[in-house]
Amino acid sequence: DSRQIVVAFYSDREMIAEVPGTFLSPTAIECRTPSFISIDKSDIDVRVKVGEDIFTTTFCRFQFFADTAAEQCVAFGPGLHPGCAVEERAEFVIQAKNGPTSNRLTGGDEFTFEVIHTESQTQWTDIKVTDNDDGTYIVGYMPQALGEVSVNILYRGSPIRGS
């Protein structure tokens, strides 16, 4: 079928974008999704139009996630506070967020860490990160000496809250 395919994206029954589609098979159409940066919802309805026909009345749900925002992420837990025992794993949690009220629901974020003993300026590099694949990360390090520690957590070069 050589008729033009148009894919429309709706939020709250209002069309927010139209893009051209490509017929792949009787059960698949491909299109490039538009930017949803200005949309405050993550659930979008997708409808299709072929040729001069109207858009379908049925839809499929398209769910997207905004990128992680360093300034919204937060770190918390005992590994960020003074008093961690020497040679005992100190841990804390990172909650990745993509907005002030939106926790990430997937993993895969890459954070960088600096754990520095304040008095000696020694950087400890034995840092283990567990990605829980739900937007949370458990981070552990091994304190090597008594004293205050500075923990710096960065996402794409920007510090997150709690570090």
# chains A, B, ... in the order shown; residues from 1 in each chain; ligands from 1

call {"tool": "residues_around", "arguments": {"residues": "segment 4-9 of chain A", "least_positions_apart": "2", "cutoff": "7 Å", "atoms": "only C-alpha atoms", "output": "PyMOL selection string"}}
result
chain A and resi 2+11+15-22+44-51

call {"tool": "write_last_selection", "arguments": {"atoms": "N, CA and C atoms", "output": "PDB file, in the first residue's frame"}}
result
ATOM      1  N   SER A   2       0.764   2.093  -0.997  1.00  0.00           N
ATOM      2  CA  SER A   2       1.643   3.259  -1.122  1.00  0.00           C
ATOM      3  C   SER A   2       1.032   4.526  -0.534  1.00  0.00           C
ATOM      4  N   SER A  11      -2.186  13.717  24.026  1.00  0.00           N
ATOM      5  CA  SER A  11      -2.115  13.786  25.485  1.00  0.00           C
ATOM      6  C   SER A  11      -3.434  14.391  25.948  1.00  0.00           C
ATOM      7  N   MET A  15      -4.264  16.450  20.320  1.00  0.00           N
ATOM      8  CA  MET A  15      -3.122  16.074  19.496  1.00  0.00           C
ATOM      9  C   MET A  15      -1.959  17.012  19.788  1.00  0.00           C
ATOM     10  N   ILE A  16      -0.798  16.425  20.048  1.00  0.00           N
ATOM     11  CA  ILE A  16       0.378  17.236  20.356  1.00  0.00           C
ATOM     12  C   ILE A  16       1.435  17.160  19.254  1.00  0.00           C
ATOM     13  N   ALA A  17       1.327  16.135  18.384  1.00  0.00           N
ATOM     14  CA  ALA A  17       2.297  16.030  17.297  1.00  0.00           C
ATOM     15  C   ALA A  17       1.817  15.036  16.250  1.00  0.00           C
ATOM     16  N   GLU A  18       2.237  15.278  15.015  1.00  0.00           N
ATOM     17  CA  GLU A  18       2.021  14.369  13.889  1.00  0.00           C
ATOM     18  C   GLU A  18       3.367  14.133  13.228  1.00  0.00           C
ATOM     19  N   VAL A  19       3.637  12.867  12.898  1.00  0.00           N
ATOM     20  CA  VAL A  19       4.880  12.538  12.197  1.00  0.00           C
ATOM     21  C   VAL A  19       4.581  11.515  11.106  1.00  0.00           C
ATOM     22  N   PRO A  20       5.396  11.484  10.056  1.00  0.00           N
ATOM     23  CA  PRO A  20       5.181  10.477   9.013  1.00  0.00           C
ATOM     24  C   PRO A  20       5.540   9.084   9.524  1.00  0.00           C
ATOM     25  N   GLY A  21       4.822   8.096   9.029  1.00  0.00           N
ATOM     26  CA  GLY A  21       5.093   6.711   9.389  1.00  0.00           C
ATOM     27  C   GLY A  21       5.500   5.910   8.168  1.00  0.00           C
ATOM     28  N   THR A  22       6.154   4.777   8.407  1.00  0.00           N
ATOM     29  CA  THR A  22       6.588   3.883   7.340  1.00  0.00           C
ATOM     30  C   THR A  22       5.987   2.509   7.588  1.00  0.00           C
ATOM     31  N   ILE A  44       1.217   8.683  26.611  1.00  0.00           N
ATOM     32  CA  ILE A  44       0.767   9.322  25.381  1.00  0.00           C
ATOM     33  C   ILE A  44      -0.025   8.281  24.579  1.00  0.00           C
ATOM     34  N   ASP A  45      -1.139   8.700  23.971  1.00  0.00           N
ATOM     35  CA  ASP A  45      -1.906   7.825  23.091  1.00  0.00           C
ATOM     36  C   ASP A  45      -1.415   8.016  21.665  1.00  0.00           C
ATOM     37  N   VAL A  46      -1.257   6.905  20.948  1.00  0.00           N
ATOM     38  CA  VAL A  46      -0.788   6.936  19.570  1.00  0.00           C
ATOM     39  C   VAL A  46      -1.904   6.426  18.660  1.00  0.00           C
ATOM     40  N   ARG A  47      -2.204   7.192  17.618  1.00  0.00           N
ATOM     41  CA  ARG A  47      -3.213   6.822  16.622  1.00  0.00           C
ATOM     42  C   ARG A  47      -2.603   6.940  15.240  1.00  0.00           C
ATOM     43  N   VAL A  48      -3.194   6.241  14.278  1.00  0.00           N
ATOM     44  CA  VAL A  48      -2.636   6.174  12.934  1.00  0.00           C
ATOM     45  C   VAL A  48      -3.685   6.565  11.904  1.00  0.00           C
ATOM     46  N   LYS A  49      -3.222   7.191  10.831  1.00  0.00           N
ATOM     47  CA  LYS A  49      -4.078   7.525   9.696  1.00  0.00           C
ATOM     48  C   LYS A  49      -3.362   7.057   8.431  1.00  0.00           C
ATOM     49  N   VAL A  50      -4.121   6.395   7.539  1.00  0.00           N
ATOM     50  CA  VAL A  50      -3.563   5.938   6.267  1.00  0.00           C
ATOM     51  C   VAL A  50      -4.286   6.676   5.150  1.00  0.00           C
ATOM     52  N   GLY A  51      -3.512   7.336   4.314  1.00  0.00           N
ATOM     53  CA  GLY A  51      -4.106   8.072   3.202  1.00  0.00           C
ATOM     54  C   GLY A  51      -5.007   9.191   3.696  1.00  0.00           C
TER      55      GLY A  51
END

call {"tool": "residues_around", "arguments": {"residues": "segment 150-157 of chain A", "least_positions_apart": "4", "cutoff": "8 Å", "atoms": "only C-alpha atoms", "output": "VMD selection string"}}
result
chain A and resid 70 80 110 to 118 163

call {"tool": "write_last_selection", "arguments": {"atoms": "N, CA and C atoms", "output": "JSON list (two decimals), in the first residue's frame"}}
result
[["chain", "number", "residue", "atom", "x", "y", "z"],
["A", 70, "ALA", "N", 20.16, 15.78, 37.18],
["A", 70, "ALA", "CA", 21.09, 15.75, 38.31],
["A", 70, "ALA", "C", 20.58, 16.58, 39.49],
["A", 80, "LEU", "N", 26.75, 8.59, 54.06],
["A", 80, "LEU", "CA", 27.00, 10.01, 53.80],
["A", 80, "LEU", "C", 27.22, 10.79, 55.09],
["A", 110, "GLU", "N", 24.49, 6.54, 34.83],
["A", 110, "GLU", "CA", 25.91, 6.43, 35.17],
["A", 110, "GLU", "C", 26.33, 7.62, 36.01],
["A", 111, "PHE", "N", 26.51, 7.35, 37.29],
["A", 111, "PHE", "CA", 26.97, 8.37, 38.24],
["A", 111, "PHE", "C", 28.48, 8.22, 38.41],
["A", 112, "THR", "N", 29.16, 9.32, 38.75],
["A", 112, "THR", "CA", 30.57, 9.25, 39.11],
["A", 112, "THR", "C", 30.70, 9.68, 40.56],
["A", 113, "PHE", "N", 31.73, 9.15, 41.20],
["A", 113, "PHE", "CA", 31.88, 9.34, 42.65],
["A", 113, "PHE", "C", 33.30, 9.74, 43.01],
["A", 114, "GLU", "N", 33.38, 10.57, 44.04],
["A", 114, "GLU", "CA", 34.64, 10.86, 44.71],
["A", 114, "GLU", "C", 34.40, 10.69, 46.20],
["A", 115, "VAL", "N", 35.15, 9.80, 46.81],
["A", 115, "VAL", "CA", 35.08, 9.64, 48.27],
["A", 115, "VAL", "C", 36.47, 10.01, 48.78],
["A", 116, "ILE", "N", 36.54, 11.13, 49.49],
["A", 116, "ILE", "CA", 37.84, 11.68, 49.90],
["A", 116, "ILE", "C", 37.89, 11.81, 51.42],
["A", 117, "HIS", "N", 38.95, 11.25, 52.01],
["A", 117, "HIS", "CA", 39.21, 11.43, 53.44],
["A", 117, "HIS", "C", 39.68, 12.87, 53.63],
["A", 118, "THR", "N", 38.90, 13.68, 54.34],
["A", 118, "THR", "CA", 39.12, 15.12, 54.42],
["A", 118, "THR", "C", 40.50, 15.48, 54.98],
["A", 163, "SER", "N", 25.06, 15.17, 48.22],
["A", 163, "SER", "CA", 26.50, 14.85, 48.15],
["A", 163, "SER", "C", 27.31, 16.09, 48.47]]

call {"tool": "select_by_dssp", "arguments": {"residues": "segment 4-145 of chain A", "states": "strand (DSSP E)", "output": "VMD selection string"}}
result
chain A and resid 5 to 11 14 to 25 28 to 31 43 to 50 60 to 63 74 to 76 90 to 95 111 to 117 122 to 124 127 to 131 136 to 141

call {"tool": "residues_around", "arguments": {"residues": "Leu105 of chain A", "least_positions_apart": "2", "cutoff": "8 Å", "atoms": "only C-alpha atoms", "output": "PyMOL selection string"}}
result
chain A and resi 103+107+133-135

call {"tool": "write_last_selection", "arguments": {"atoms": "all heavy atoms", "output": "short mmCIF file (atom, residue, chain, number, x, y, z; two decimals), in the first residue's frame"}}
result
data_model
loop_
_atom_site.label_atom_id
_atom_site.label_comp_id
_atom_site.auth_asym_id
_atom_site.auth_seq_id
_atom_site.Cartn_x
_atom_site.Cartn_y
_atom_site.Cartn_z
N ASN A 103 10.14 10.14 40.33
CA ASN A 103 11.23 9.19 40.49
C ASN A 103 11.41 8.43 39.18
O ASN A 103 10.44 8.09 38.51
CB ASN A 103 10.93 8.19 41.60
CG ASN A 103 10.94 8.83 42.96
OD1 ASN A 103 11.53 9.87 43.16
ND2 ASN A 103 10.30 8.18 43.92
N GLY A 107 16.66 1.77 35.42
CA GLY A 107 18.05 1.98 35.80
C GLY A 107 18.87 2.44 34.61
O GLY A 107 18.35 2.97 33.64
N ASP A 133 17.66 -1.30 38.92
CA ASP A 133 16.81 -1.23 37.72
C ASP A 133 15.43 -0.64 38.00
O ASP A 133 14.47 -0.95 37.29
CB ASP A 133 16.67 -2.61 37.06
CG ASP A 133 17.96 -3.04 36.39
OD1 ASP A 133 18.66 -2.17 35.83
OD2 ASP A 133 18.28 -4.24 36.44
N ASP A 134 15.33 0.19 39.01
CA ASP A 134 14.05 0.85 39.34
C ASP A 134 14.25 2.33 39.65
O ASP A 134 13.39 2.98 40.23
CB ASP A 134 13.37 0.15 40.51
CG ASP A 134 14.18 0.22 41.81
OD1 ASP A 134 15.30 0.79 41.81
OD2 ASP A 134 13.69 -0.30 42.83
N GLY A 135 15.42 2.86 39.28
CA GLY A 135 15.74 4.25 39.56
C GLY A 135 16.51 4.45 40.85
O GLY A 135 16.89 5.57 41.16
#

call {"tool": "closest_residue", "arguments": {"among": "A:Pro100, A:Pro34, A:Pro82, A:Gly147", "to": "Ser120 of chain A", "atoms": "only C-alpha atoms"}}
result
A:Gly147

call {"tool": "closest_residue", "arguments": {"among": "A:Ala66, A:Ile54, A:Leu146, A:Ala96", "to": "Asp131 of chain A", "atoms": "only C-alpha atoms"}}
result
A:Ala96

call {"tool": "residues_around", "arguments": {"residues": "Glu91 of chain A", "least_positions_apart": "6", "cutoff": "12 Å", "atoms": "only C-alpha atoms", "output": "PyMOL selection string"}}
result
chain A and resi 75-81+84-85+115+127-130+137-143+151

call {"tool": "write_last_selection", "arguments": {"atoms": "C-alpha atoms", "output": "compact mmCIF listing (two decimals), in the first residue's frame"}}
result
# COMPACT_ATOMS: atom_id res chain seq x y z
CA ALA A 75 21.40 10.66 47.86
CA PHE A 76 20.69 9.56 51.43
CA GLY A 77 21.83 7.03 53.99
CA PRO A 78 24.41 6.33 56.67
CA GLY A 79 27.36 6.24 54.24
CA LEU A 80 27.00 10.01 53.80
CA HIS A 81 27.23 10.80 57.52
CA CYS A 84 31.23 5.13 59.62
CA ALA A 85 33.36 2.28 60.93
CA VAL A 115 35.08 9.64 48.27
CA ILE A 127 33.30 2.00 45.32
CA LYS A 128 30.65 -0.56 44.38
CA VAL A 129 27.34 0.43 42.77
CA THR A 130 24.28 -1.82 42.57
CA TYR A 137 21.19 2.64 43.27
CA ILE A 138 22.94 1.28 46.36
CA VAL A 139 26.45 2.63 46.65
CA GLY A 140 29.04 1.24 49.03
CA TYR A 141 32.61 2.12 49.86
CA MET A 142 35.14 0.96 52.43
CA PRO A 143 36.38 3.68 54.84
CA VAL A 151 31.34 12.15 49.24

call {"tool": "atom_distance", "arguments": {"atom1": "atom CA of Asp109 of chain A", "atom2": "atom CA of Thr68 of chain A"}}
result
7.7 Å

call {"tool": "atom_distance", "arguments": {"atom1": "atom CA of Arg104 of chain A", "atom2": "atom CA of Ser35 of chain A"}}
result
18.4 Å

call {"tool": "atom_distance", "arguments": {"atom1": "atom CA of Gly108 of chain A", "atom2": "atom CA of Asp67 of chain A"}}
result
11.1 Å
